[in-house]
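Asks: One structure coming up, written as structure tokens, with questions to follow.
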Amino acid sequence: TALHGNRAVVGAPTDQRDGAYRGAAYLFEESNGNWAEKAKLIAYDSGHADNFGVTVAHCCNTVAVGAPGHDLSEDLYDAGAVYVYEYDGSGWGLTQKLTSDSPAPGDSFGNSVSLSSDTLVVGNVLDDSKGLNVGSAYVFRKRDGQWRRIATLFPAEGDEGDSFGNAVG
């Protein structure tokens with residue numbers, strides 16, 4: 001769940017569509033003490049058990065939704081993705097899908113997300129780049145209307161199984 005101003009985003013990673021647990025994120029707005037659902041965010045390419053909505057972040061007119069179980073291909077199962085939605089004044093639309101620069105099966109990119117203005121941090125909790133399941137965190141910045149990776153963070157003294165990036169903020 002994420003809250004910013006009069007908006008709340010609530011993830012529902014086991015939301016069902018077409019007989020599969022594809023996940024969703026619901027956006028609510030408060031007005032005069034009443035909360036109303038304004039949008040249901042879904043991934044256009046979601047698959048069963050993607051866990052879309054297991055993590056959400058919200059700031060200003062942007063929502064980031066993690067799907068750490070998303071398969072990028074048959075060989076890249078559970079590599080994960082983050083979907084970024086923006087409000088254009090009349091509705092919410094998907095503007096970008098983010099993935100790891102070097103995805104691997106089971107990385108769980110999007111296991112955690114944090115958003116502040118034009119900066120987004122994404123946990124890649126089971127990244128093996130620095131050892132088995134040490135983990136990493138990606139930092140993205142919005143420039144010229146696109147989210148671009150500006151850094152990848154690793155622990156200086158990471159050990160096997162650390163799951164670095166399990167929580168970001």
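Scheme for the structure tokens: letters A, B, ... for chains in order shown; per-chain residue numbers from 1; ligand numbers from 1 in order shown.
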Would you pick out the contacts of Phe52 in chain A at 9 Å or less, using only C-alpha atoms, so that residues sharing its chain but fewer than 2 positions from it are not included, and give the list as a PyMOL selection string?
Replies: chain A and resi 11-15+22-25+42-43+46+49-50+54-55+65-70+81-83
Asks: Using only C-alpha atoms, can you tell me which of A:Gly135, A:Pro105, A:Gly165, A:Gly33 comes closest to Asp78 in chain A?
Replies: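 For Asp78 in chain A, the nearest of the given residues is A:Pro105.
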Asks: As a PyMOL selection string, please: the residues near range 88-90 of chain A (cut-off 10 Å, only C-alpha atoms, same-chain neighbours under 3 positions excluded).
Replies: chain A and resi 61-62+85+93
Asks: Would you mind exporting the chosen residues as a compact mmCIF listing (two decimals), in the first residue's frame, restricted to C-alpha atoms?
Replies:
# COMPACT_ATOMS: atom_id res chain seq x y z
CA ASN A 61 1.05 11.62 -10.60
CA THR A 62 3.14 8.45 -10.87
CA TYR A 85 1.75 4.41 -14.68
CA GLY A 93 -1.92 4.89 -18.33
Asks: Taking only C-alpha atoms into account, name the residue in A:Tyr77, A:Phe154, A:Trp147, A:Phe28 that is nearest to Gly106 in chain A.
Replies: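 Smallest distance to Gly106 in chain A is found for A:Tyr77.
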Asks: Could you check how far CA of Ser116 in chain A sits from CA of Val84 in chain A, in Å to one decimal?
Replies: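 Separation of CA of Ser116 in chain A and CA of Val84 in chain A: 13.1 Å.
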Asks: Among the residues of range 31-168 of chain A, find those DSSP assigns to strand (DSSP E or B) from the backbone and print them as a PyMOL selection string.
Replies: chain A and resi 31+34-41+52+55-59+62-67+80-87+92-98+109-116+119-124+135-143+146-153+164
Asks: How many Å separate CA of Ala2 in chain A from CA of Ser102 in chain A?
Replies: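 Going from CA of Ala2 in chain A over to CA of Ser102 in chain A covers 28.2 Å.
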Asks: Of the residues A:Gly110, A:Gly47, A:Pro155, A:Gly145, which is the one nearest to Gly131 in chain A, using only C-alpha atoms?
Replies: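 Residue with the minimum atom-to-atom distance to Gly131 in chain A: A:Pro155.
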Asks: So that I can see what lies close to Asp101 in chain A, please list as number ranges by chain the residues with an atom at most 10 Å from it, counting only C-alpha atoms and leaving out residues fewer than 3 positions away in the same chain.
Replies: A: 98, 104, 138, 149, 152
Asks: Quick one: pull the distance between CA of Ser112 in chain A and CA of Val134 in chain A, Å, one decimal.
Replies: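 That distance, rounded to one decimal, is 15.0 Å.
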